[in-house]
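The file run-v7.txt comes next; it holds compact mmCIF, N, CA and C atoms.
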# COMPACT_ATOMS: atom_id res chain seq x y z
N MET A 1 0.83 -1.18 0.00
CA MET A 1 0.00 0.00 0.00
C MET A 1 0.87 1.24 0.00
N GLY A 2 0.50 2.23 -0.75
CA GLY A 2 1.27 3.47 -0.78
C GLY A 2 0.78 4.45 0.26
N THR A 3 1.65 5.38 0.59
CA THR A 3 1.27 6.44 1.51
C THR A 3 0.34 7.39 0.77
N ARG A 4 -0.85 7.63 1.29
CA ARG A 4 -1.77 8.57 0.69
C ARG A 4 -1.37 9.97 1.10
N ARG A 5 -1.49 10.89 0.17
CA ARG A 5 -1.15 12.27 0.46
C ARG A 5 -2.33 13.14 0.11
N LYS A 6 -2.69 14.04 1.00
CA LYS A 6 -3.79 14.96 0.74
C LYS A 6 -3.35 16.08 -0.21
N SER A 7 -2.13 16.53 -0.11
CA SER A 7 -1.65 17.64 -0.93
C SER A 7 -0.28 17.30 -1.49
N PRO A 8 -0.21 16.42 -2.51
CA PRO A 8 1.09 16.04 -3.04
C PRO A 8 1.83 17.26 -3.58
N GLY A 9 3.12 17.30 -3.30
CA GLY A 9 3.93 18.39 -3.80
C GLY A 9 3.94 19.62 -2.92
N LEU A 10 3.02 19.74 -1.97
CA LEU A 10 3.01 20.90 -1.09
C LEU A 10 3.98 20.68 0.07
N VAL A 11 4.83 21.64 0.28
CA VAL A 11 5.78 21.55 1.38
C VAL A 11 5.02 21.69 2.69
N PRO A 12 5.28 20.81 3.65
CA PRO A 12 4.59 20.90 4.94
C PRO A 12 4.89 22.22 5.64
N SER A 13 3.94 22.67 6.45
CA SER A 13 4.19 23.84 7.29
C SER A 13 5.22 23.50 8.35
N GLU A 14 5.02 22.34 8.99
CA GLU A 14 5.94 21.88 10.04
C GLU A 14 5.75 20.39 10.23
N ILE A 15 6.85 19.69 10.38
CA ILE A 15 6.82 18.23 10.56
C ILE A 15 7.17 17.91 12.01
N PHE A 16 6.38 17.03 12.62
CA PHE A 16 6.69 16.52 13.95
C PHE A 16 7.59 15.30 13.75
N LEU A 17 8.79 15.33 14.33
CA LEU A 17 9.72 14.20 14.25
C LEU A 17 9.64 13.41 15.55
N SER A 18 9.07 12.23 15.48
CA SER A 18 8.96 11.36 16.65
C SER A 18 10.12 10.38 16.63
N HIS A 19 10.76 10.24 17.78
CA HIS A 19 11.97 9.41 17.86
C HIS A 19 12.26 9.06 19.31
N SER A 20 13.09 8.07 19.49
CA SER A 20 13.62 7.76 20.82
C SER A 20 14.79 8.69 21.09
N HIS A 21 14.96 9.07 22.33
CA HIS A 21 16.10 9.92 22.69
C HIS A 21 17.43 9.24 22.34
N THR A 22 17.45 7.93 22.33
CA THR A 22 18.64 7.18 21.95
C THR A 22 19.05 7.50 20.51
N ASP A 23 18.08 7.87 19.70
CA ASP A 23 18.32 8.12 18.28
C ASP A 23 18.45 9.62 17.97
N HIS A 24 18.90 10.37 18.95
CA HIS A 24 19.03 11.81 18.81
C HIS A 24 19.88 12.21 17.60
N ALA A 25 21.03 11.57 17.41
CA ALA A 25 21.94 11.95 16.32
C ALA A 25 21.27 11.78 14.96
N ALA A 26 20.55 10.68 14.77
CA ALA A 26 19.85 10.45 13.50
C ALA A 26 18.75 11.50 13.30
N THR A 27 18.07 11.86 14.37
CA THR A 27 16.99 12.84 14.30
C THR A 27 17.55 14.21 13.91
N VAL A 28 18.67 14.58 14.49
CA VAL A 28 19.31 15.86 14.16
C VAL A 28 19.71 15.87 12.68
N ARG A 29 20.23 14.76 12.19
CA ARG A 29 20.62 14.67 10.76
C ARG A 29 19.42 14.86 9.85
N VAL A 30 18.31 14.18 10.17
CA VAL A 30 17.09 14.31 9.37
C VAL A 30 16.59 15.74 9.42
N ALA A 31 16.53 16.32 10.61
CA ALA A 31 16.05 17.70 10.76
C ALA A 31 16.92 18.68 9.97
N GLU A 32 18.21 18.45 9.97
CA GLU A 32 19.12 19.34 9.23
C GLU A 32 18.88 19.24 7.73
N VAL A 33 18.70 18.05 7.22
CA VAL A 33 18.41 17.89 5.78
C VAL A 33 17.08 18.57 5.44
N LEU A 34 16.07 18.37 6.27
CA LEU A 34 14.79 19.03 6.03
C LEU A 34 14.97 20.55 6.01
N ARG A 35 15.69 21.08 6.99
CA ARG A 35 15.92 22.53 7.07
C ARG A 35 16.61 23.05 5.82
N ARG A 36 17.65 22.33 5.37
CA ARG A 36 18.38 22.76 4.16
C ARG A 36 17.50 22.77 2.93
N HIS A 37 16.42 21.99 2.97
CA HIS A 37 15.50 21.92 1.83
C HIS A 37 14.23 22.73 2.05
N GLY A 38 14.25 23.61 3.04
CA GLY A 38 13.15 24.53 3.26
C GLY A 38 11.96 23.96 4.02
N VAL A 39 12.17 22.85 4.73
CA VAL A 39 11.09 22.20 5.46
C VAL A 39 11.35 22.35 6.96
N THR A 40 10.40 22.93 7.67
CA THR A 40 10.51 23.13 9.12
C THR A 40 10.11 21.86 9.84
N SER A 41 10.88 21.51 10.87
CA SER A 41 10.54 20.33 11.67
C SER A 41 10.62 20.68 13.16
N TRP A 42 9.96 19.85 13.95
CA TRP A 42 9.93 20.01 15.40
C TRP A 42 10.32 18.67 16.01
N PHE A 43 11.23 18.71 16.98
CA PHE A 43 11.49 17.53 17.81
C PHE A 43 11.88 17.99 19.20
N SER A 44 11.62 17.13 20.15
CA SER A 44 11.64 17.52 21.56
C SER A 44 12.96 18.10 22.05
N GLU A 45 14.09 17.47 21.78
CA GLU A 45 15.35 17.95 22.35
C GLU A 45 15.72 19.34 21.85
N ARG A 46 15.33 19.66 20.64
CA ARG A 46 15.69 20.96 20.08
C ARG A 46 14.68 22.04 20.48
N ASN A 47 13.44 21.66 20.67
CA ASN A 47 12.39 22.66 20.82
C ASN A 47 11.81 22.81 22.21
N ILE A 48 12.18 21.97 23.14
CA ILE A 48 11.66 22.12 24.50
C ILE A 48 12.77 22.66 25.39
N LEU A 49 12.51 23.79 26.01
CA LEU A 49 13.49 24.39 26.91
C LEU A 49 13.40 23.73 28.28
N GLY A 50 14.45 23.87 29.06
CA GLY A 50 14.57 23.19 30.35
C GLY A 50 13.37 23.27 31.28
N ALA A 51 12.80 24.42 31.48
CA ALA A 51 11.73 24.57 32.48
C ALA A 51 10.33 24.33 31.90
N GLN A 52 10.22 24.11 30.61
CA GLN A 52 8.90 23.91 30.01
C GLN A 52 8.34 22.54 30.36
N GLN A 53 7.04 22.44 30.34
CA GLN A 53 6.35 21.18 30.59
C GLN A 53 6.39 20.33 29.32
N TRP A 54 7.05 19.17 29.39
CA TRP A 54 7.21 18.30 28.23
C TRP A 54 5.86 17.94 27.60
N LEU A 55 4.95 17.48 28.42
CA LEU A 55 3.67 17.02 27.91
C LEU A 55 2.93 18.15 27.18
N ASP A 56 2.92 19.34 27.76
CA ASP A 56 2.25 20.48 27.14
C ASP A 56 2.90 20.85 25.82
N GLU A 57 4.22 20.88 25.78
CA GLU A 57 4.94 21.28 24.57
C GLU A 57 4.78 20.24 23.46
N ILE A 58 4.83 18.97 23.81
CA ILE A 58 4.64 17.91 22.81
C ILE A 58 3.21 17.98 22.27
N GLY A 59 2.25 18.16 23.14
CA GLY A 59 0.86 18.27 22.72
C GLY A 59 0.62 19.46 21.80
N ALA A 60 1.21 20.58 22.12
CA ALA A 60 1.07 21.78 21.28
C ALA A 60 1.69 21.54 19.91
N ALA A 61 2.84 20.89 19.87
CA ALA A 61 3.50 20.61 18.59
C ALA A 61 2.67 19.63 17.76
N LEU A 62 2.12 18.61 18.39
CA LEU A 62 1.27 17.66 17.67
C LEU A 62 0.03 18.34 17.09
N GLU A 63 -0.50 19.31 17.80
CA GLU A 63 -1.66 20.07 17.31
C GLU A 63 -1.28 20.99 16.16
N ARG A 64 -0.08 21.52 16.19
CA ARG A 64 0.36 22.53 15.23
C ARG A 64 0.90 21.91 13.93
N CYS A 65 1.67 20.86 14.04
CA CYS A 65 2.33 20.27 12.87
C CYS A 65 1.32 19.65 11.92
N ASP A 66 1.65 19.64 10.63
CA ASP A 66 0.73 19.06 9.65
C ASP A 66 1.21 17.74 9.06
N TRP A 67 2.41 17.32 9.38
CA TRP A 67 2.92 15.99 9.01
C TRP A 67 3.59 15.37 10.23
N PHE A 68 3.62 14.04 10.26
CA PHE A 68 4.19 13.29 11.37
C PHE A 68 5.16 12.28 10.78
N VAL A 69 6.43 12.37 11.16
CA VAL A 69 7.46 11.44 10.71
C VAL A 69 7.99 10.71 11.94
N VAL A 70 8.02 9.38 11.88
CA VAL A 70 8.53 8.60 12.99
C VAL A 70 9.78 7.84 12.54
N LEU A 71 10.85 7.97 13.32
CA LEU A 71 12.09 7.25 13.04
C LEU A 71 12.01 5.90 13.74
N LEU A 72 11.96 4.84 12.95
CA LEU A 72 11.80 3.49 13.49
C LEU A 72 13.14 2.83 13.76
N THR A 73 13.36 2.48 15.01
CA THR A 73 14.56 1.79 15.48
C THR A 73 14.12 0.88 16.62
N PRO A 74 14.98 -0.05 17.06
CA PRO A 74 14.62 -0.85 18.23
C PRO A 74 14.29 0.02 19.45
N ALA A 75 15.04 1.10 19.65
CA ALA A 75 14.78 1.98 20.80
C ALA A 75 13.43 2.66 20.67
N ALA A 76 13.04 3.06 19.47
CA ALA A 76 11.73 3.70 19.26
C ALA A 76 10.60 2.73 19.57
N VAL A 77 10.78 1.47 19.19
CA VAL A 77 9.76 0.46 19.46
C VAL A 77 9.52 0.32 20.96
N GLU A 78 10.57 0.50 21.74
CA GLU A 78 10.47 0.36 23.19
C GLU A 78 10.07 1.65 23.91
N SER A 79 10.03 2.75 23.21
CA SER A 79 9.76 4.05 23.82
C SER A 79 8.27 4.28 24.04
N LYS A 80 7.88 4.55 25.29
CA LYS A 80 6.47 4.84 25.56
C LYS A 80 6.06 6.17 24.96
N TRP A 81 7.00 7.12 24.84
CA TRP A 81 6.68 8.42 24.28
C TRP A 81 6.45 8.34 22.78
N VAL A 82 7.27 7.58 22.07
CA VAL A 82 7.07 7.40 20.63
C VAL A 82 5.71 6.74 20.40
N LYS A 83 5.39 5.74 21.22
CA LYS A 83 4.10 5.05 21.09
C LYS A 83 2.95 6.02 21.32
N ARG A 84 3.05 6.86 22.33
CA ARG A 84 1.99 7.84 22.62
C ARG A 84 1.82 8.84 21.47
N GLU A 85 2.94 9.35 20.98
CA GLU A 85 2.88 10.33 19.88
C GLU A 85 2.30 9.69 18.62
N LEU A 86 2.76 8.50 18.29
CA LEU A 86 2.29 7.81 17.10
C LEU A 86 0.81 7.45 17.21
N THR A 87 0.40 6.99 18.36
CA THR A 87 -1.02 6.66 18.57
C THR A 87 -1.88 7.90 18.36
N TYR A 88 -1.43 9.02 18.88
CA TYR A 88 -2.16 10.28 18.69
C TYR A 88 -2.29 10.59 17.19
N ALA A 89 -1.16 10.55 16.48
CA ALA A 89 -1.17 10.90 15.05
C ALA A 89 -2.06 9.95 14.24
N LEU A 90 -2.00 8.66 14.54
CA LEU A 90 -2.81 7.69 13.80
C LEU A 90 -4.30 7.87 14.06
N ASN A 91 -4.65 8.44 15.19
CA ASN A 91 -6.06 8.65 15.53
C ASN A 91 -6.61 9.99 15.07
N GLU A 92 -5.77 10.88 14.62
CA GLU A 92 -6.20 12.22 14.18
C GLU A 92 -6.47 12.22 12.68
N ASP A 93 -7.67 12.59 12.30
CA ASP A 93 -8.03 12.64 10.88
C ASP A 93 -7.13 13.56 10.07
N ARG A 94 -6.69 14.64 10.68
CA ARG A 94 -5.87 15.60 9.91
C ARG A 94 -4.49 15.03 9.55
N TYR A 95 -4.08 13.97 10.24
CA TYR A 95 -2.82 13.30 9.88
C TYR A 95 -3.05 12.14 8.91
N ASP A 96 -4.27 11.92 8.48
CA ASP A 96 -4.55 10.83 7.55
C ASP A 96 -3.74 11.02 6.27
N GLY A 97 -2.94 10.04 5.94
CA GLY A 97 -2.08 10.14 4.77
C GLY A 97 -0.85 10.98 4.99
N ARG A 98 -0.63 11.41 6.22
CA ARG A 98 0.51 12.29 6.53
C ARG A 98 1.38 11.74 7.65
N VAL A 99 1.29 10.44 7.88
CA VAL A 99 2.17 9.76 8.83
C VAL A 99 3.20 9.01 7.99
N VAL A 100 4.47 9.35 8.21
CA VAL A 100 5.55 8.80 7.39
C VAL A 100 6.54 8.04 8.27
N PRO A 101 6.57 6.71 8.17
CA PRO A 101 7.54 5.92 8.94
C PRO A 101 8.87 5.80 8.19
N LEU A 102 9.96 6.09 8.87
CA LEU A 102 11.31 5.93 8.32
C LEU A 102 11.98 4.76 9.02
N LEU A 103 12.34 3.72 8.29
CA LEU A 103 12.99 2.55 8.89
C LEU A 103 14.49 2.82 8.95
N VAL A 104 14.94 3.34 10.09
CA VAL A 104 16.33 3.71 10.30
C VAL A 104 17.17 2.48 10.65
N GLN A 105 16.61 1.58 11.46
CA GLN A 105 17.26 0.32 11.84
C GLN A 105 16.21 -0.78 11.83
N GLU A 106 16.62 -1.98 11.48
CA GLU A 106 15.69 -3.10 11.52
C GLU A 106 15.09 -3.21 12.91
N CYS A 107 13.78 -3.38 12.96
CA CYS A 107 13.09 -3.50 14.24
C CYS A 107 11.70 -4.09 13.98
N ASP A 108 11.07 -4.54 15.02
CA ASP A 108 9.72 -5.09 14.93
C ASP A 108 8.73 -3.95 15.17
N TYR A 109 8.57 -3.08 14.16
CA TYR A 109 7.77 -1.87 14.33
C TYR A 109 6.29 -2.16 14.55
N LYS A 110 5.83 -3.37 14.23
CA LYS A 110 4.43 -3.71 14.50
C LYS A 110 4.15 -3.71 16.00
N LYS A 111 5.19 -3.93 16.82
CA LYS A 111 5.01 -3.86 18.28
C LYS A 111 4.73 -2.43 18.73
N LEU A 112 5.18 -1.48 17.96
CA LEU A 112 4.95 -0.07 18.27
C LEU A 112 3.51 0.30 17.95
N ALA A 113 3.06 -0.08 16.75
CA ALA A 113 1.68 0.19 16.33
C ALA A 113 1.39 -0.67 15.10
N TRP A 114 0.41 -1.55 15.23
CA TRP A 114 0.12 -2.46 14.11
C TRP A 114 -0.26 -1.73 12.83
N PRO A 115 -0.88 -0.54 12.85
CA PRO A 115 -1.22 0.12 11.58
C PRO A 115 -0.01 0.52 10.74
N LEU A 116 1.18 0.55 11.33
CA LEU A 116 2.36 0.91 10.55
C LEU A 116 2.56 -0.04 9.37
N SER A 117 2.13 -1.28 9.52
CA SER A 117 2.30 -2.25 8.44
C SER A 117 1.40 -1.93 7.25
N THR A 118 0.43 -1.03 7.41
CA THR A 118 -0.45 -0.64 6.30
C THR A 118 0.07 0.58 5.57
N LEU A 119 1.15 1.18 6.06
CA LEU A 119 1.71 2.39 5.46
C LEU A 119 2.97 2.04 4.67
N GLN A 120 3.29 2.87 3.69
CA GLN A 120 4.53 2.70 2.96
C GLN A 120 5.69 3.13 3.87
N ILE A 121 6.55 2.18 4.19
CA ILE A 121 7.72 2.45 5.03
C ILE A 121 8.86 2.92 4.13
N ILE A 122 9.49 4.02 4.49
CA ILE A 122 10.64 4.50 3.72
C ILE A 122 11.91 3.90 4.33
N PRO A 123 12.65 3.08 3.56
CA PRO A 123 13.92 2.55 4.07
C PRO A 123 14.89 3.71 4.27
N PHE A 124 15.49 3.78 5.44
CA PHE A 124 16.34 4.92 5.77
C PHE A 124 17.72 4.49 6.27
N ARG A 125 18.11 3.25 5.98
CA ARG A 125 19.44 2.80 6.42
C ARG A 125 20.54 3.46 5.59
N ARG A 126 20.25 3.73 4.33
CA ARG A 126 21.18 4.48 3.48
C ARG A 126 20.69 5.92 3.47
N PHE A 127 21.35 6.76 4.20
CA PHE A 127 20.86 8.11 4.49
C PHE A 127 20.49 8.94 3.24
N PRO A 128 21.38 9.08 2.26
CA PRO A 128 21.01 9.91 1.11
C PRO A 128 19.79 9.37 0.35
N THR A 129 19.72 8.06 0.19
CA THR A 129 18.59 7.45 -0.51
C THR A 129 17.30 7.68 0.28
N GLY A 130 17.36 7.52 1.60
CA GLY A 130 16.20 7.74 2.45
C GLY A 130 15.75 9.19 2.41
N CYS A 131 16.69 10.12 2.46
CA CYS A 131 16.35 11.55 2.38
C CYS A 131 15.67 11.88 1.05
N ALA A 132 16.21 11.32 -0.03
CA ALA A 132 15.62 11.56 -1.35
C ALA A 132 14.18 11.05 -1.41
N ALA A 133 13.94 9.87 -0.85
CA ALA A 133 12.58 9.30 -0.86
C ALA A 133 11.63 10.13 0.01
N LEU A 134 12.11 10.59 1.15
CA LEU A 134 11.28 11.40 2.04
C LEU A 134 10.91 12.73 1.36
N LEU A 135 11.89 13.43 0.85
CA LEU A 135 11.65 14.73 0.23
C LEU A 135 10.78 14.62 -1.01
N LYS A 136 10.86 13.50 -1.70
CA LYS A 136 10.06 13.28 -2.90
C LYS A 136 8.56 13.32 -2.59
N LEU A 137 8.18 12.96 -1.35
CA LEU A 137 6.76 13.04 -0.96
C LEU A 137 6.19 14.43 -1.21
N TRP A 138 7.02 15.44 -1.07
CA TRP A 138 6.58 16.82 -1.20
C TRP A 138 7.07 17.47 -2.49
N GLY A 139 7.55 16.65 -3.40
CA GLY A 139 8.01 17.19 -4.68
C GLY A 139 9.31 17.96 -4.59
N ILE A 140 10.13 17.62 -3.59
CA ILE A 140 11.41 18.30 -3.39
C ILE A 140 12.53 17.36 -3.78
N GLY A 141 13.42 17.81 -4.64
CA GLY A 141 14.58 17.01 -5.03
C GLY A 141 15.67 17.11 -3.98
N TYR A 142 16.26 15.96 -3.64
CA TYR A 142 17.32 15.93 -2.63
C TYR A 142 18.60 16.52 -3.19
N GLN A 143 19.17 17.46 -2.45
CA GLN A 143 20.43 18.07 -2.80
C GLN A 143 21.45 17.79 -1.71
N PRO A 144 22.44 16.92 -1.97
CA PRO A 144 23.47 16.73 -0.95
C PRO A 144 24.23 18.04 -0.77
N ARG A 145 24.88 18.18 0.35
CA ARG A 145 25.61 19.44 0.63
C ARG A 145 26.41 19.90 -0.49
Would you mind writing the structure in this file as C-alpha cells?
Amino acid sequence: MGTRRKSPGLVPSEIFLSHSHTDHAATVRVAEVLRRHGVTSWFSERNILGAQQWLDEIGAALERCDWFVVLLTPAAVESKWVKRELTYALNEDRYDGRVVPLLVQECDYKKLAWPLSTLQIIPFRRFPTGCAALLKLWGIGYQPR
C-alpha cells in the first residue's frame, strides 16, 4: 500500500519528528536535511526548553504540525513516548495520509503500532537514498551538501 497524500507536492508547514532519545543523532541529521531543503521540523530535544512542561509542549506541537514522521529503530519500538505520539497521530483525521515511517534500523515496528504495516515504510538505512525518498513526498529534489 502506498502512503496517501492529501496535498502532493506541497511543502509541509511543520513536521513533527517522533523518535527515541537514543536516536538523537539520527533525528538531528534528518532535521538538518529538512531545514536545508526549506522544510521546518519540530522535535523535543531541540524545541523544549529546560523549564517547560514536556507534555504540554509535545501536545502543542502535535496540534500545530501538519505531518508526522517517525524514526523506526529498536529503541523507538520500546519508547512509551514514541508510542503515545504515534497513537495520537494515527487517531487524528488531519494526519490521515501524513504519517511517514522511516525505517532507520531493523526492528519489529508492528510492536509499536500495528497500523504501521499498512503504510509505505521508507527505508532509511542508506541516508542519502532515504532523504531523497522522504523529500520526494513533497516534490522536493534531494540536494546533498
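Separating atom N of Arg94 of chain A from atom N of Ser41 of chain A is a distance of 18.9 Å.
The gap separating atom N of Ala75 of chain A from atom N of Val28 of chain A is 14.9 Å, in Å to one decimal.
Distances from A:Leu103, A:Leu112, A:Leu62, A:Leu134 to Ser79 of chain A were compared using only N, CA and C atoms, and the smallest one belongs to A:Leu112.
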Query - strand (DSSP E or B) per DSSP on the backbone: members of chain A, as a VMD selection string - result: chain A and resid 15 to 18 41 to 42 67 to 72 99 to 103 122 to 123
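In this structure, atom CA of Arg98 of chain A sits 6.2 Å away from atom CA of Phe68 of chain A.
The list of residues with at least one atom within 5 Å of Leu17 of chain A, based on all atoms listed in the file and without residues fewer than 4 positions apart in the same chain, reads A:Trp42, A:Phe43, A:Val69.
Closest to Pro101 of chain A among A:Ala89, A:His19, A:Gln120, A:Trp114 is A:Gln120, based on only C-alpha atoms.
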Report summary line: Judged by all atoms listed in the file, the minimum distance to Pro74 of chain A among A:Cys107, A:Leu102, A:Ile121, A:Leu90 is found for A:Cys107
Output requested as a PDB file, in the coordinates of the input - segment 64-74 of chain A, filled out with all heavy atoms.
ATOM      1  N   ARG A  64      -0.080  21.520  16.190  1.00  0.00           N
ATOM      2  CA  ARG A  64       0.360  22.530  15.230  1.00  0.00           C
ATOM      3  C   ARG A  64       0.900  21.910  13.930  1.00  0.00           C
ATOM      4  O   ARG A  64       0.642  22.430  12.832  1.00  0.00           O
ATOM      5  CB  ARG A  64       1.431  23.400  15.876  1.00  0.00           C
ATOM      6  CG  ARG A  64       1.930  24.535  15.047  1.00  0.00           C
ATOM      7  CD  ARG A  64       2.994  25.346  15.768  1.00  0.00           C
ATOM      8  NE  ARG A  64       4.204  24.567  16.017  1.00  0.00           N
ATOM      9  CZ  ARG A  64       4.612  24.174  17.232  1.00  0.00           C
ATOM     10  NH1 ARG A  64       3.928  24.493  18.304  1.00  0.00           N
ATOM     11  NH2 ARG A  64       5.715  23.473  17.379  1.00  0.00           N
ATOM     12  N   CYS A  65       1.670  20.860  14.040  1.00  0.00           N
ATOM     13  CA  CYS A  65       2.330  20.270  12.870  1.00  0.00           C
ATOM     14  C   CYS A  65       1.320  19.650  11.920  1.00  0.00           C
ATOM     15  O   CYS A  65       0.267  19.178  12.340  1.00  0.00           O
ATOM     16  CB  CYS A  65       3.360  19.228  13.315  1.00  0.00           C
ATOM     17  SG  CYS A  65       4.767  19.950  14.200  1.00  0.00           S
ATOM     18  N   ASP A  66       1.650  19.640  10.630  1.00  0.00           N
ATOM     19  CA  ASP A  66       0.730  19.060   9.650  1.00  0.00           C
ATOM     20  C   ASP A  66       1.210  17.740   9.060  1.00  0.00           C
ATOM     21  O   ASP A  66       0.464  17.102   8.310  1.00  0.00           O
ATOM     22  CB  ASP A  66       0.395  20.072   8.548  1.00  0.00           C
ATOM     23  CG  ASP A  66       1.601  20.614   7.818  1.00  0.00           C
ATOM     24  OD1 ASP A  66       2.724  20.514   8.342  1.00  0.00           O
ATOM     25  OD2 ASP A  66       1.422  21.155   6.713  1.00  0.00           O
ATOM     26  N   TRP A  67       2.410  17.320   9.380  1.00  0.00           N
ATOM     27  CA  TRP A  67       2.920  15.990   9.010  1.00  0.00           C
ATOM     28  C   TRP A  67       3.590  15.370  10.230  1.00  0.00           C
ATOM     29  O   TRP A  67       4.093  16.095  11.097  1.00  0.00           O
ATOM     30  CB  TRP A  67       3.936  16.085   7.864  1.00  0.00           C
ATOM     31  CG  TRP A  67       3.306  16.317   6.532  1.00  0.00           C
ATOM     32  CD1 TRP A  67       2.818  17.498   6.051  1.00  0.00           C
ATOM     33  CD2 TRP A  67       3.089  15.353   5.509  1.00  0.00           C
ATOM     34  NE1 TRP A  67       2.320  17.324   4.795  1.00  0.00           N
ATOM     35  CE2 TRP A  67       2.474  16.015   4.429  1.00  0.00           C
ATOM     36  CE3 TRP A  67       3.363  13.986   5.398  1.00  0.00           C
ATOM     37  CZ2 TRP A  67       2.128  15.360   3.251  1.00  0.00           C
ATOM     38  CZ3 TRP A  67       3.018  13.341   4.222  1.00  0.00           C
ATOM     39  CH2 TRP A  67       2.401  14.019   3.159  1.00  0.00           C
ATOM     40  N   PHE A  68       3.620  14.040  10.260  1.00  0.00           N
ATOM     41  CA  PHE A  68       4.190  13.290  11.370  1.00  0.00           C
ATOM     42  C   PHE A  68       5.160  12.280  10.780  1.00  0.00           C
ATOM     43  O   PHE A  68       4.768  11.425   9.977  1.00  0.00           O
ATOM     44  CB  PHE A  68       3.076  12.583  12.142  1.00  0.00           C
ATOM     45  CG  PHE A  68       3.535  11.843  13.358  1.00  0.00           C
ATOM     46  CD1 PHE A  68       3.516  12.444  14.605  1.00  0.00           C
ATOM     47  CD2 PHE A  68       3.979  10.527  13.263  1.00  0.00           C
ATOM     48  CE1 PHE A  68       3.934  11.752  15.742  1.00  0.00           C
ATOM     49  CE2 PHE A  68       4.397   9.833  14.388  1.00  0.00           C
ATOM     50  CZ  PHE A  68       4.374  10.451  15.624  1.00  0.00           C
ATOM     51  N   VAL A  69       6.430  12.370  11.160  1.00  0.00           N
ATOM     52  CA  VAL A  69       7.460  11.440  10.710  1.00  0.00           C
ATOM     53  C   VAL A  69       7.990  10.710  11.940  1.00  0.00           C
ATOM     54  O   VAL A  69       8.348  11.352  12.932  1.00  0.00           O
ATOM     55  CB  VAL A  69       8.598  12.176   9.977  1.00  0.00           C
ATOM     56  CG1 VAL A  69       9.761  11.243   9.686  1.00  0.00           C
ATOM     57  CG2 VAL A  69       8.082  12.801   8.679  1.00  0.00           C
ATOM     58  N   VAL A  70       8.020   9.380  11.880  1.00  0.00           N
ATOM     59  CA  VAL A  70       8.530   8.600  12.990  1.00  0.00           C
ATOM     60  C   VAL A  70       9.780   7.840  12.540  1.00  0.00           C
ATOM     61  O   VAL A  70       9.769   7.184  11.495  1.00  0.00           O
ATOM     62  CB  VAL A  70       7.457   7.652  13.576  1.00  0.00           C
ATOM     63  CG1 VAL A  70       6.897   6.691  12.543  1.00  0.00           C
ATOM     64  CG2 VAL A  70       7.991   6.891  14.791  1.00  0.00           C
ATOM     65  N   LEU A  71      10.850   7.970  13.320  1.00  0.00           N
ATOM     66  CA  LEU A  71      12.090   7.250  13.040  1.00  0.00           C
ATOM     67  C   LEU A  71      12.010   5.900  13.740  1.00  0.00           C
ATOM     68  O   LEU A  71      11.973   5.838  14.978  1.00  0.00           O
ATOM     69  CB  LEU A  71      13.307   8.038  13.547  1.00  0.00           C
ATOM     70  CG  LEU A  71      13.766   9.201  12.661  1.00  0.00           C
ATOM     71  CD1 LEU A  71      12.798  10.363  12.708  1.00  0.00           C
ATOM     72  CD2 LEU A  71      15.155   9.634  13.056  1.00  0.00           C
ATOM     73  N   LEU A  72      11.960   4.840  12.950  1.00  0.00           N
ATOM     74  CA  LEU A  72      11.800   3.490  13.490  1.00  0.00           C
ATOM     75  C   LEU A  72      13.140   2.830  13.760  1.00  0.00           C
ATOM     76  O   LEU A  72      13.957   2.661  12.840  1.00  0.00           O
ATOM     77  CB  LEU A  72      10.978   2.629  12.523  1.00  0.00           C
ATOM     78  CG  LEU A  72       9.567   3.126  12.241  1.00  0.00           C
ATOM     79  CD1 LEU A  72       8.919   2.281  11.149  1.00  0.00           C
ATOM     80  CD2 LEU A  72       8.730   3.115  13.510  1.00  0.00           C
ATOM     81  N   THR A  73      13.360   2.480  15.010  1.00  0.00           N
ATOM     82  CA  THR A  73      14.560   1.790  15.480  1.00  0.00           C
ATOM     83  C   THR A  73      14.120   0.880  16.620  1.00  0.00           C
ATOM     84  O   THR A  73      13.006   1.032  17.137  1.00  0.00           O
ATOM     85  CB  THR A  73      15.605   2.786  16.022  1.00  0.00           C
ATOM     86  OG1 THR A  73      15.064   3.409  17.198  1.00  0.00           O
ATOM     87  CG2 THR A  73      16.006   3.838  14.994  1.00  0.00           C
ATOM     88  N   PRO A  74      14.980  -0.050  17.060  1.00  0.00           N
ATOM     89  CA  PRO A  74      14.620  -0.850  18.230  1.00  0.00           C
ATOM     90  C   PRO A  74      14.290   0.020  19.450  1.00  0.00           C
ATOM     91  O   PRO A  74      13.358  -0.275  20.194  1.00  0.00           O
ATOM     92  CB  PRO A  74      15.853  -1.719  18.464  1.00  0.00           C
ATOM     93  CG  PRO A  74      16.467  -1.859  17.101  1.00  0.00           C
ATOM     94  CD  PRO A  74      16.231  -0.513  16.448  1.00  0.00           C
TER      95      PRO A  74
END
